[in-house]
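**Q** This one is entry-v8.tsv, TSV, C-alpha atoms and all ligand atoms.
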chain	number	residue	atom	x	y	z
A	138	MET	CA	-12.64	-1.60	-54.16
A	139	LEU	CA	-15.85	-2.17	-52.23
A	140	SER	CA	-16.04	-5.19	-49.93
A	141	ASP	CA	-18.80	-7.84	-50.28
A	142	ASP	CA	-20.50	-6.28	-47.27
A	143	GLU	CA	-20.38	-2.83	-48.89
A	144	LEU	CA	-21.67	-4.24	-52.21
A	145	ALA	CA	-24.72	-5.53	-50.34
A	146	ARG	CA	-25.22	-2.54	-48.05
A	147	TYR	CA	-25.07	0.02	-50.85
A	148	ALA	CA	-26.74	-2.14	-53.53
A	149	ARG	CA	-29.51	0.43	-54.17
A	150	HIS	CA	-26.89	3.14	-54.71
A	151	LEU	CA	-24.73	0.92	-56.90
A	152	VAL	CA	-27.52	0.17	-59.37
A	153	LEU	CA	-28.06	3.90	-59.92
A	154	ARG	CA	-26.11	4.67	-63.10
A	155	GLU	CA	-25.26	8.18	-61.82
A	156	VAL	CA	-23.77	6.79	-58.58
A	157	GLY	CA	-22.47	3.26	-59.19
A	158	GLY	CA	-19.14	2.05	-57.82
A	159	PRO	CA	-17.22	5.27	-58.58
A	160	GLY	CA	-19.88	7.43	-56.88
A	161	GLN	CA	-20.01	5.16	-53.84
A	162	ALA	CA	-16.22	5.28	-53.62
A	163	LYS	CA	-16.36	9.10	-53.60
A	164	ILE	CA	-18.99	8.96	-50.83
A	165	ARG	CA	-16.70	6.66	-48.84
A	166	GLN	CA	-13.77	9.05	-49.28
A	167	ALA	CA	-15.78	12.10	-48.18
A	168	ARG	CA	-15.25	13.79	-44.82
A	169	VAL	CA	-18.29	15.76	-43.69
A	170	LEU	CA	-18.68	17.95	-40.61
A	171	MET	CA	-22.24	18.29	-39.31
A	172	VAL	CA	-22.58	21.33	-37.05
A	173	GLY	CA	-25.51	20.88	-34.67
A	174	ALA	CA	-26.95	17.49	-33.69
A	175	GLY	CA	-30.51	18.79	-33.52
A	176	GLY	CA	-33.66	18.74	-35.63
A	177	LEU	CA	-31.69	19.24	-38.86
A	178	GLY	CA	-28.51	17.40	-37.92
A	179	SER	CA	-30.40	14.28	-36.81
A	180	PRO	CA	-31.91	13.29	-40.16
A	181	ALA	CA	-28.95	14.67	-42.11
A	182	ALA	CA	-26.43	12.63	-40.08
A	183	LEU	CA	-28.59	9.49	-40.19
A	184	TYR	CA	-28.84	9.60	-43.99
A	185	LEU	CA	-25.16	10.43	-44.40
A	186	ALA	CA	-24.13	7.53	-42.16
A	187	ALA	CA	-26.58	5.20	-43.91
A	188	ALA	CA	-25.15	6.29	-47.27
A	189	GLY	CA	-21.62	5.37	-46.23
A	190	ILE	CA	-19.94	8.79	-45.86
A	191	GLY	CA	-16.35	7.90	-44.92
A	192	THR	CA	-15.91	10.26	-41.97
A	193	LEU	CA	-18.75	12.11	-40.30
A	194	GLY	CA	-17.99	14.68	-37.62
A	195	LEU	CA	-20.64	15.92	-35.22
A	196	VAL	CA	-20.25	19.20	-33.35
A	197	ASP	CA	-22.56	19.98	-30.43
A	198	ASP	CA	-22.00	20.92	-26.80
A	199	ASP	CA	-25.52	20.15	-25.62
A	200	ALA	CA	-27.12	17.20	-23.81
A	201	VAL	CA	-30.30	15.42	-24.92
A	202	SER	CA	-33.44	16.79	-23.26
A	203	LEU	CA	-37.03	15.54	-23.29
A	204	SER	CA	-38.21	18.43	-25.46
A	205	ASN	CA	-35.64	17.49	-28.15
A	206	LEU	CA	-37.26	14.14	-28.90
A	207	GLN	CA	-40.22	15.63	-30.81
A	208	ARG	CA	-37.86	16.26	-33.78
A	209	GLN	CA	-34.31	15.06	-33.00
A	210	ILE	CA	-34.72	11.51	-34.29
A	211	LEU	CA	-31.10	10.60	-33.65
A	212	PHE	CA	-32.00	10.12	-29.96
A	213	ARG	CA	-34.15	7.83	-27.84
A	214	THR	CA	-35.91	8.52	-24.52
A	215	ALA	CA	-33.16	6.61	-22.71
A	216	ASP	CA	-30.60	9.12	-24.07
A	217	ILE	CA	-31.99	12.03	-22.01
A	218	GLY	CA	-29.14	13.68	-20.13
A	219	ARG	CA	-26.38	12.19	-22.33
A	220	PRO	CA	-24.16	14.46	-24.44
A	221	LYS	CA	-25.74	14.67	-27.90
A	222	VAL	CA	-22.52	13.85	-29.73
A	223	GLU	CA	-21.99	10.75	-27.57
A	224	ALA	CA	-25.55	9.41	-27.98
A	225	GLY	CA	-25.51	10.45	-31.64
A	226	ALA	CA	-22.19	8.74	-32.37
A	227	GLN	CA	-23.48	5.54	-30.79
A	228	ALA	CA	-26.69	5.61	-32.88
A	229	LEU	CA	-24.79	6.34	-36.10
A	230	LYS	CA	-22.23	3.59	-35.39
A	231	ALA	CA	-25.07	1.13	-34.75
A	232	LEU	CA	-26.61	2.10	-38.08
A	233	ASN	CA	-23.35	1.80	-40.04
A	234	PRO	CA	-20.17	0.53	-38.34
A	235	GLY	CA	-18.22	1.31	-41.53
A	236	VAL	CA	-18.48	5.07	-40.97
A	237	GLN	CA	-15.84	6.86	-38.89
A	238	ILE	CA	-17.75	9.08	-36.46
A	239	GLN	CA	-15.86	11.97	-34.87
A	240	ALA	CA	-17.66	13.41	-31.85
A	241	HIS	CA	-16.73	17.03	-31.11
A	242	LYS	CA	-18.37	17.91	-27.79
A	243	THR	CA	-17.69	21.60	-27.98
A	244	ARG	CA	-19.38	24.85	-28.85
A	245	LEU	CA	-18.22	26.08	-32.21
A	246	GLY	CA	-16.65	29.52	-31.85
A	247	PRO	CA	-14.13	31.83	-33.51
A	248	ALA	CA	-11.25	30.24	-31.57
A	249	ASN	CA	-11.87	26.65	-32.73
A	250	VAL	CA	-13.80	26.87	-36.02
A	251	MET	CA	-10.82	26.85	-38.40
A	252	ALA	CA	-9.24	23.86	-36.65
A	253	LEU	CA	-12.57	22.01	-36.59
A	254	ILE	CA	-13.34	22.42	-40.28
A	255	ALA	CA	-9.74	21.83	-41.40
A	256	ASP	CA	-10.15	18.04	-41.30
A	257	TYR	CA	-13.29	17.98	-43.46
A	258	ASP	CA	-14.16	18.43	-47.15
A	259	ILE	CA	-17.77	19.57	-46.73
A	260	VAL	CA	-19.43	21.43	-43.86
A	261	ALA	CA	-23.15	21.20	-43.08
A	262	ASP	CA	-24.75	23.89	-40.93
A	263	GLY	CA	-27.68	22.68	-38.86
A	264	SER	CA	-27.17	25.23	-36.09
A	265	ASP	CA	-29.93	27.25	-34.47
A	266	ASN	CA	-28.39	30.72	-34.18
A	267	PHE	CA	-27.13	33.53	-36.40
A	268	ALA	CA	-23.76	33.89	-34.67
A	269	THR	CA	-22.84	30.32	-35.70
A	270	ARG	CA	-24.30	30.75	-39.22
A	271	PHE	CA	-22.20	33.84	-39.96
A	272	LEU	CA	-19.11	32.37	-38.30
A	273	LEU	CA	-19.36	29.15	-40.34
A	274	ASN	CA	-19.97	31.10	-43.54
A	275	ASP	CA	-16.88	33.23	-43.03
A	276	ALA	CA	-14.71	30.32	-41.86
A	277	CYS	CA	-15.75	28.11	-44.81
A	278	PHE	CA	-15.02	30.99	-47.19
A	279	PHE	CA	-11.50	31.45	-45.80
A	280	ALA	CA	-10.91	27.67	-45.77
A	281	LYS	CA	-12.43	27.28	-49.28
A	282	LYS	CA	-14.89	24.58	-48.17
A	283	PRO	CA	-18.44	24.15	-49.47
A	284	LEU	CA	-21.08	24.93	-46.83
A	285	VAL	CA	-24.49	23.25	-47.08
A	286	SER	CA	-26.67	25.39	-44.87
A	287	ALA	CA	-30.17	24.50	-43.68
A	288	ALA	CA	-32.56	26.41	-41.44
A	289	VAL	CA	-36.06	25.77	-40.18
A	290	THR	CA	-38.52	27.74	-38.11
A	291	GLU	CA	-42.15	27.04	-37.24
A	292	PHE	CA	-43.44	25.61	-40.54
A	293	GLU	CA	-40.83	26.87	-43.00
A	294	GLY	CA	-37.36	25.89	-44.09
A	295	GLN	CA	-34.48	27.16	-46.21
A	296	LEU	CA	-31.57	25.38	-47.82
A	297	ALA	CA	-28.60	26.62	-49.85
A	298	THR	CA	-25.03	25.65	-50.65
A	299	TYR	CA	-22.46	28.41	-50.28
A	300	LYS	CA	-19.16	28.39	-52.18
A	301	GLY	CA	-18.27	32.07	-51.99
A	302	HIS	CA	-14.60	31.23	-52.59
A	303	GLU	CA	-15.50	30.30	-56.19
A	304	PRO	CA	-15.72	33.20	-58.68
A	305	SER	CA	-19.43	33.07	-59.54
A	306	CYS	CA	-20.83	31.47	-56.36
A	307	PRO	CA	-22.44	33.45	-53.52
A	308	CYS	CA	-21.90	33.18	-49.78
A	309	TYR	CA	-24.45	33.59	-46.99
A	310	ARG	CA	-23.49	37.27	-46.64
A	311	CYS	CA	-24.55	37.85	-50.27
A	312	LEU	CA	-28.06	37.06	-48.98
A	313	PHE	CA	-27.80	38.55	-45.47
A	314	PRO	CA	-24.85	41.00	-45.21
A	315	GLU	CA	-24.94	41.24	-41.39
A	316	PRO	CA	-26.36	39.20	-38.51
A	317	PRO	CA	-29.60	40.65	-37.10
A	318	PRO	CA	-29.14	42.49	-33.78
A	319	PRO	CA	-29.20	39.99	-30.88
A	320	GLY	CA	-32.69	39.43	-29.49
A	321	THR	CA	-34.54	40.63	-32.60
A	322	VAL	CA	-35.14	37.18	-34.08
A	323	PRO	CA	-36.80	34.64	-31.79
A	324	ASN	CA	-35.24	31.17	-31.61
A	325	CYS	CA	-36.90	27.79	-32.02
A	326	SER	CA	-37.66	27.34	-28.32
A	327	GLU	CA	-39.69	30.58	-28.42
A	328	THR	CA	-41.48	30.13	-31.76
A	329	GLY	CA	-41.77	26.34	-31.93
A	330	VAL	CA	-41.06	24.13	-34.92
A	331	LEU	CA	-43.00	21.29	-36.51
A	332	GLY	CA	-40.75	18.25	-36.01
A	333	ALA	CA	-41.36	16.70	-39.41
A	334	ALA	CA	-40.68	20.05	-41.15
A	335	ALA	CA	-37.20	20.00	-39.57
A	336	GLY	CA	-36.99	16.39	-40.80
A	337	VAL	CA	-37.74	17.41	-44.39
A	338	MET	CA	-35.07	20.11	-44.33
A	339	GLY	CA	-32.49	17.88	-42.61
A	340	ALA	CA	-33.08	15.08	-45.12
A	341	LEU	CA	-32.70	17.55	-48.00
A	342	GLN	CA	-29.53	18.87	-46.40
A	343	GLY	CA	-28.10	15.35	-46.17
A	344	LEU	CA	-29.05	14.79	-49.82
A	345	GLU	CA	-27.27	17.96	-50.98
A	346	VAL	CA	-24.16	16.96	-49.01
A	347	LEU	CA	-24.23	13.55	-50.72
A	348	LYS	CA	-24.54	15.23	-54.13
A	349	GLU	CA	-21.52	17.42	-53.34
A	350	ALA	CA	-19.57	14.38	-52.13
A	351	ALA	CA	-20.40	12.20	-55.14
A	352	GLY	CA	-20.41	15.00	-57.73
A	353	LEU	CA	-24.00	14.14	-58.49
A	354	GLY	CA	-26.47	16.30	-60.42
A	355	THR	CA	-26.75	20.05	-59.90
A	356	GLY	CA	-26.29	21.37	-56.39
A	357	LEU	CA	-27.82	24.34	-54.61
A	358	SER	CA	-24.92	26.72	-55.10
A	359	GLY	CA	-26.26	30.03	-56.44
A	360	LYS	CA	-29.77	29.00	-55.48
A	361	ILE	CA	-31.94	28.96	-52.40
A	362	LEU	CA	-34.64	26.42	-51.80
A	363	THR	CA	-37.54	27.31	-49.54
A	364	TYR	CA	-40.20	24.96	-48.17
A	365	LYS	CA	-43.53	25.96	-46.70
A	366	ALA	CA	-44.95	22.98	-44.86
A	367	LEU	CA	-48.45	24.42	-44.32
A	368	THR	CA	-49.09	24.81	-48.03
A	369	ALA	CA	-46.77	21.98	-49.12
A	370	GLU	CA	-44.82	24.32	-51.41
A	371	PHE	CA	-41.21	24.09	-52.53
A	372	ARG	CA	-39.56	26.96	-54.40
A	373	THR	CA	-36.06	27.38	-55.73
A	374	ALA	CA	-34.91	30.93	-56.44
A	375	ARG	CA	-31.67	32.17	-57.95
A	376	LEU	CA	-29.19	33.59	-55.45
A	377	PRO	CA	-26.53	35.58	-57.33
A	378	LYS	CA	-23.16	36.54	-55.93
A	379	ASP	CA	-23.21	40.13	-54.65
A	380	PRO	CA	-20.18	41.99	-56.08
A	381	GLY	CA	-20.49	44.34	-53.07
A	382	CYS	CA	-20.37	41.47	-50.53
A	383	ALA	CA	-18.02	42.39	-47.69
A	384	LEU	CA	-16.67	38.81	-47.65
A	385	CYS	CA	-16.69	37.37	-51.18
A	386	GLY	CA	-17.24	40.51	-53.30
A	387	THR	CA	-14.75	42.39	-55.45
A	388	ASN	CA	-13.54	44.74	-52.67
A	389	PRO	CA	-13.85	42.67	-49.50
A	390	THR	CA	-13.52	44.35	-46.11
A	391	LEU	CA	-13.71	41.15	-44.04
A	392	ARG	CA	-10.24	39.60	-44.11
A	393	ASP	CA	-10.37	37.30	-41.08
A	394	LEU	CA	-12.66	36.18	-38.22
A	395	SER	CA	-11.73	39.07	-35.91
A	396	GLY	CA	-15.22	40.61	-36.18
A	397	HIS	CA	-16.78	37.57	-34.49
A	398	PRO	CA	-17.32	37.94	-30.72
B	401	ZN	ZN	-20.74	36.86	-50.35
Would you give me this structure, written as structure tokens?

**A**
Amino acid sequence: MLSDDELARYARHLVLREVGGPGQAKIRQARVLMVGAGGLGSPAALYLAAAGIGTLGLVDDDAVSLSNLQRQILFRTADIGRPKVEAGAQALKALNPGVQIQAHKTRLGPANVMALIADYDIVADGSDNFATRFLLNDACFFAKKPLVSAAVTEFEGQLATYKGHEPSCPCYRCLFPEPPPPGTVPNCSETGVLGAAAGVMGALQGLEVLKEAAGLGTGLSGKILTYKALTAEFRTARLPKDPGCALCGTNPTLRDLSGHP
């Protein structure tokens, strides 16, 4: 049962026939882990907290810097120097005290990833490096958790939901079998990123997480959505499962996380 306060706070959800009380209750039960409190994680976490996600975990080992504020809307100028998960948890709590915020001030790695994701139903990847993307993909596959993965660079973004543990659903390795060699793909600090483009992708990521949590509509499993900000174009392409995928294919060769440095 929703309290009077919840009935008022989520009134615009509750009048949606597809959400209603049952959908809002599912949102309240959901436990979501947001990896990366950056340009993607900021809008995603803000919308998820505003929507009343029951438990929202934030993983990040970084502190807020001045150059973050152009896109990381979870933070204020006064937060510079504070751990991102601490400043982020405070902002999210202020937005919605009903949400349990779990701050994980740590760098996600092979040694802690399984324990971190174990407590959550849905994982959202808003990280900025391929090592974390591949690690999360493999860990979510082994733990049988849906992974809503967003990426943004310069003026373009990508979004997909990976459920490689399900028979007909692809994983990230069905799209990219191996990480690119280190140093071959420049990161966001080298190439730049338009802040609002990260905002679009992070908001879409939060939306897809909500859809997974509430069982709403058709998700982005088996599809990949791309956004080109400069031409204002969205495209959704089919992303089939690769039977030869080393992780989720018919003869997998990746059996654990031991290949991750
Ligand atoms: Zn796969």

**Q** Using all atoms listed in the file, I'd like a table of the residues in chain A that come within 8 Å of ligand ZN 401 (chain B); for each, show the closest atom pair and its distance in Å rounded to one decimal, ordered by chain and ascending number, as a tab-separated table.

**A**
residue	atom	partner	partner_atom	distance
A:Gly301	CA	B:ZN401	ZN	5.6
A:Pro307	CA	B:ZN401	ZN	5.0
A:Cys308	CA	B:ZN401	ZN	3.9
A:Tyr309	CA	B:ZN401	ZN	6.0
A:Arg310	CA	B:ZN401	ZN	4.6
A:Cys311	CA	B:ZN401	ZN	3.9
A:Leu312	CA	B:ZN401	ZN	7.4
A:Pro314	CA	B:ZN401	ZN	7.8
A:Lys378	CA	B:ZN401	ZN	6.1
A:Asp379	CA	B:ZN401	ZN	5.9
A:Pro380	CA	B:ZN401	ZN	7.7
A:Gly381	CA	B:ZN401	ZN	8.0
A:Cys382	CA	B:ZN401	ZN	4.6
A:Ala383	CA	B:ZN401	ZN	6.7
A:Leu384	CA	B:ZN401	ZN	5.3
A:Cys385	CA	B:ZN401	ZN	4.2
A:Gly386	CA	B:ZN401	ZN	5.9

**Q** What is the CA of Phe313 (chain A)-CA of Gly294 (chain A) distance in Å, reported with one decimal?

**A** 15.9 Å

**Q** Within 9 Å of (-27.0, 6.6, -41.6), in the coordinates the file gives, what residues turn up when you count only C-alpha atoms, written out as a list in words?

**A**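 Checked against the point, the hits come out as Pro180, Ala181, Ala182, Leu183, Tyr184, Leu185, Ala186, Ala187, Ala188, Gly189, Ile190, Ala228, Leu229, Lys230, Ala231, Leu232, Asn233 and Val236 of chain A.
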
**Q** List the spatial neighbours of Asp393 (chain A) as a PyMOL selection string - criterion: any atom at most 8 Å away, all atoms listed in the file, same-chain residues fewer than 3 positions off excluded.

**A** chain A and resi 275+279+396

**Q** Counting only C-alpha atoms, what is within 9 Å of region 283-290 of chain A, bar same-chain residues fewer than 4 positions away, as a compact mmCIF listing (two decimals) with C-alpha atoms, keeping the file's coordinate frame?

**A**
# COMPACT_ATOMS: atom_id res chain seq x y z
CA GLY A 176 -33.66 18.74 -35.63
CA LEU A 177 -31.69 19.24 -38.86
CA ASP A 258 -14.16 18.43 -47.15
CA ILE A 259 -17.77 19.57 -46.73
CA VAL A 260 -19.43 21.43 -43.86
CA ALA A 261 -23.15 21.20 -43.08
CA ASP A 262 -24.75 23.89 -40.93
CA GLY A 263 -27.68 22.68 -38.86
CA SER A 264 -27.17 25.23 -36.09
CA ASP A 265 -29.93 27.25 -34.47
CA ARG A 270 -24.30 30.75 -39.22
CA LEU A 273 -19.36 29.15 -40.34
CA ASN A 274 -19.97 31.10 -43.54
CA CYS A 277 -15.75 28.11 -44.81
CA PHE A 278 -15.02 30.99 -47.19
CA GLY A 294 -37.36 25.89 -44.09
CA GLN A 295 -34.48 27.16 -46.21
CA LEU A 296 -31.57 25.38 -47.82
CA ALA A 297 -28.60 26.62 -49.85
CA THR A 298 -25.03 25.65 -50.65
CA TYR A 299 -22.46 28.41 -50.28
CA LYS A 300 -19.16 28.39 -52.18
CA GLY A 301 -18.27 32.07 -51.99
CA HIS A 302 -14.60 31.23 -52.59
CA CYS A 308 -21.90 33.18 -49.78
CA TYR A 309 -24.45 33.59 -46.99
CA ASN A 324 -35.24 31.17 -31.61
CA CYS A 325 -36.90 27.79 -32.02
CA THR A 328 -41.48 30.13 -31.76
CA GLY A 329 -41.77 26.34 -31.93
CA VAL A 330 -41.06 24.13 -34.92
CA LEU A 331 -43.00 21.29 -36.51
CA ALA A 334 -40.68 20.05 -41.15
CA ALA A 335 -37.20 20.00 -39.57
CA MET A 338 -35.07 20.11 -44.33
CA GLY A 339 -32.49 17.88 -42.61
CA LEU A 341 -32.70 17.55 -48.00
CA GLN A 342 -29.53 18.87 -46.40
CA GLY A 343 -28.10 15.35 -46.17
CA GLU A 345 -27.27 17.96 -50.98
CA VAL A 346 -24.16 16.96 -49.01
CA GLU A 349 -21.52 17.42 -53.34
CA LEU A 357 -27.82 24.34 -54.61
CA SER A 358 -24.92 26.72 -55.10

**Q** Generate the missing atoms of region 344-355 of chain A up to all heavy atoms and report them as a PDB file, in the frame of the given file.

**A**
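Here's the written file rebuild18.pdb:
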ATOM      1  N   LEU A 344     -29.048  15.101 -48.382  1.00  0.00           N
ATOM      2  CA  LEU A 344     -29.050  14.790 -49.820  1.00  0.00           C
ATOM      3  C   LEU A 344     -28.101  15.714 -50.585  1.00  0.00           C
ATOM      4  O   LEU A 344     -27.327  15.262 -51.447  1.00  0.00           O
ATOM      5  CB  LEU A 344     -30.478  14.935 -50.352  1.00  0.00           C
ATOM      6  CG  LEU A 344     -30.718  14.754 -51.845  1.00  0.00           C
ATOM      7  CD1 LEU A 344     -30.352  13.352 -52.291  1.00  0.00           C
ATOM      8  CD2 LEU A 344     -32.170  15.036 -52.181  1.00  0.00           C
ATOM      9  N   GLU A 345     -28.147  17.012 -50.283  1.00  0.00           N
ATOM     10  CA  GLU A 345     -27.270  17.960 -50.980  1.00  0.00           C
ATOM     11  C   GLU A 345     -25.800  17.713 -50.635  1.00  0.00           C
ATOM     12  O   GLU A 345     -24.932  17.871 -51.484  1.00  0.00           O
ATOM     13  CB  GLU A 345     -27.683  19.406 -50.692  1.00  0.00           C
ATOM     14  CG  GLU A 345     -29.013  19.801 -51.317  1.00  0.00           C
ATOM     15  CD  GLU A 345     -29.058  19.629 -52.843  1.00  0.00           C
ATOM     16  OE1 GLU A 345     -28.058  19.941 -53.508  1.00  0.00           O
ATOM     17  OE2 GLU A 345     -30.098  19.159 -53.351  1.00  0.00           O
ATOM     18  N   VAL A 346     -25.535  17.314 -49.384  1.00  0.00           N
ATOM     19  CA  VAL A 346     -24.160  16.960 -49.010  1.00  0.00           C
ATOM     20  C   VAL A 346     -23.705  15.743 -49.817  1.00  0.00           C
ATOM     21  O   VAL A 346     -22.591  15.714 -50.356  1.00  0.00           O
ATOM     22  CB  VAL A 346     -24.054  16.675 -47.497  1.00  0.00           C
ATOM     23  CG1 VAL A 346     -22.705  16.049 -47.160  1.00  0.00           C
ATOM     24  CG2 VAL A 346     -24.248  17.956 -46.695  1.00  0.00           C
ATOM     25  N   LEU A 347     -24.565  14.747 -49.935  1.00  0.00           N
ATOM     26  CA  LEU A 347     -24.230  13.550 -50.720  1.00  0.00           C
ATOM     27  C   LEU A 347     -23.940  13.908 -52.168  1.00  0.00           C
ATOM     28  O   LEU A 347     -23.006  13.365 -52.780  1.00  0.00           O
ATOM     29  CB  LEU A 347     -25.399  12.571 -50.706  1.00  0.00           C
ATOM     30  CG  LEU A 347     -25.442  11.516 -49.627  1.00  0.00           C
ATOM     31  CD1 LEU A 347     -26.611  10.588 -49.895  1.00  0.00           C
ATOM     32  CD2 LEU A 347     -24.141  10.720 -49.589  1.00  0.00           C
ATOM     33  N   LYS A 348     -24.752  14.818 -52.740  1.00  0.00           N
ATOM     34  CA  LYS A 348     -24.540  15.230 -54.130  1.00  0.00           C
ATOM     35  C   LYS A 348     -23.189  15.920 -54.277  1.00  0.00           C
ATOM     36  O   LYS A 348     -22.479  15.701 -55.254  1.00  0.00           O
ATOM     37  CB  LYS A 348     -25.667  16.173 -54.574  1.00  0.00           C
ATOM     38  CG  LYS A 348     -26.975  15.435 -54.861  1.00  0.00           C
ATOM     39  CD  LYS A 348     -28.150  16.379 -54.976  1.00  0.00           C
ATOM     40  CE  LYS A 348     -27.973  17.412 -56.088  1.00  0.00           C
ATOM     41  NZ  LYS A 348     -29.078  18.414 -56.069  1.00  0.00           N
ATOM     42  N   GLU A 349     -22.828  16.758 -53.300  1.00  0.00           N
ATOM     43  CA  GLU A 349     -21.520  17.420 -53.340  1.00  0.00           C
ATOM     44  C   GLU A 349     -20.403  16.372 -53.243  1.00  0.00           C
ATOM     45  O   GLU A 349     -19.399  16.457 -53.942  1.00  0.00           O
ATOM     46  CB  GLU A 349     -21.381  18.430 -52.195  1.00  0.00           C
ATOM     47  CG  GLU A 349     -22.322  19.627 -52.289  1.00  0.00           C
ATOM     48  CD  GLU A 349     -22.014  20.574 -53.434  1.00  0.00           C
ATOM     49  OE1 GLU A 349     -20.837  20.650 -53.845  1.00  0.00           O
ATOM     50  OE2 GLU A 349     -22.945  21.215 -53.944  1.00  0.00           O
ATOM     51  N   ALA A 350     -20.600  15.399 -52.353  1.00  0.00           N
ATOM     52  CA  ALA A 350     -19.570  14.380 -52.130  1.00  0.00           C
ATOM     53  C   ALA A 350     -19.372  13.512 -53.366  1.00  0.00           C
ATOM     54  O   ALA A 350     -18.239  13.182 -53.733  1.00  0.00           O
ATOM     55  CB  ALA A 350     -19.934  13.518 -50.924  1.00  0.00           C
ATOM     56  N   ALA A 351     -20.479  13.131 -54.007  1.00  0.00           N
ATOM     57  CA  ALA A 351     -20.400  12.200 -55.140  1.00  0.00           C
ATOM     58  C   ALA A 351     -20.334  12.913 -56.482  1.00  0.00           C
ATOM     59  O   ALA A 351     -20.239  12.256 -57.520  1.00  0.00           O
ATOM     60  CB  ALA A 351     -21.605  11.259 -55.102  1.00  0.00           C
ATOM     61  N   GLY A 352     -20.403  14.248 -56.471  1.00  0.00           N
ATOM     62  CA  GLY A 352     -20.410  15.000 -57.730  1.00  0.00           C
ATOM     63  C   GLY A 352     -21.638  14.689 -58.557  1.00  0.00           C
ATOM     64  O   GLY A 352     -21.577  14.535 -59.778  1.00  0.00           O
ATOM     65  N   LEU A 353     -22.765  14.617 -57.880  1.00  0.00           N
ATOM     66  CA  LEU A 353     -24.000  14.140 -58.490  1.00  0.00           C
ATOM     67  C   LEU A 353     -24.925  15.312 -58.818  1.00  0.00           C
ATOM     68  O   LEU A 353     -25.167  16.173 -57.970  1.00  0.00           O
ATOM     69  CB  LEU A 353     -24.675  13.250 -57.431  1.00  0.00           C
ATOM     70  CG  LEU A 353     -25.737  12.251 -57.813  1.00  0.00           C
ATOM     71  CD1 LEU A 353     -25.215  11.267 -58.836  1.00  0.00           C
ATOM     72  CD2 LEU A 353     -26.161  11.498 -56.543  1.00  0.00           C
ATOM     73  N   GLY A 354     -25.439  15.334 -60.043  1.00  0.00           N
ATOM     74  CA  GLY A 354     -26.470  16.300 -60.420  1.00  0.00           C
ATOM     75  C   GLY A 354     -26.030  17.748 -60.289  1.00  0.00           C
ATOM     76  O   GLY A 354     -24.845  18.076 -60.377  1.00  0.00           O
ATOM     77  N   THR A 355     -26.989  18.613 -60.047  1.00  0.00           N
ATOM     78  CA  THR A 355     -26.750  20.050 -59.900  1.00  0.00           C
ATOM     79  C   THR A 355     -27.055  20.440 -58.473  1.00  0.00           C
ATOM     80  O   THR A 355     -28.162  20.201 -57.996  1.00  0.00           O
ATOM     81  CB  THR A 355     -27.671  20.848 -60.858  1.00  0.00           C
ATOM     82  OG1 THR A 355     -27.565  20.289 -62.167  1.00  0.00           O
ATOM     83  CG2 THR A 355     -27.286  22.310 -60.893  1.00  0.00           C
TER      84      THR A 355
END
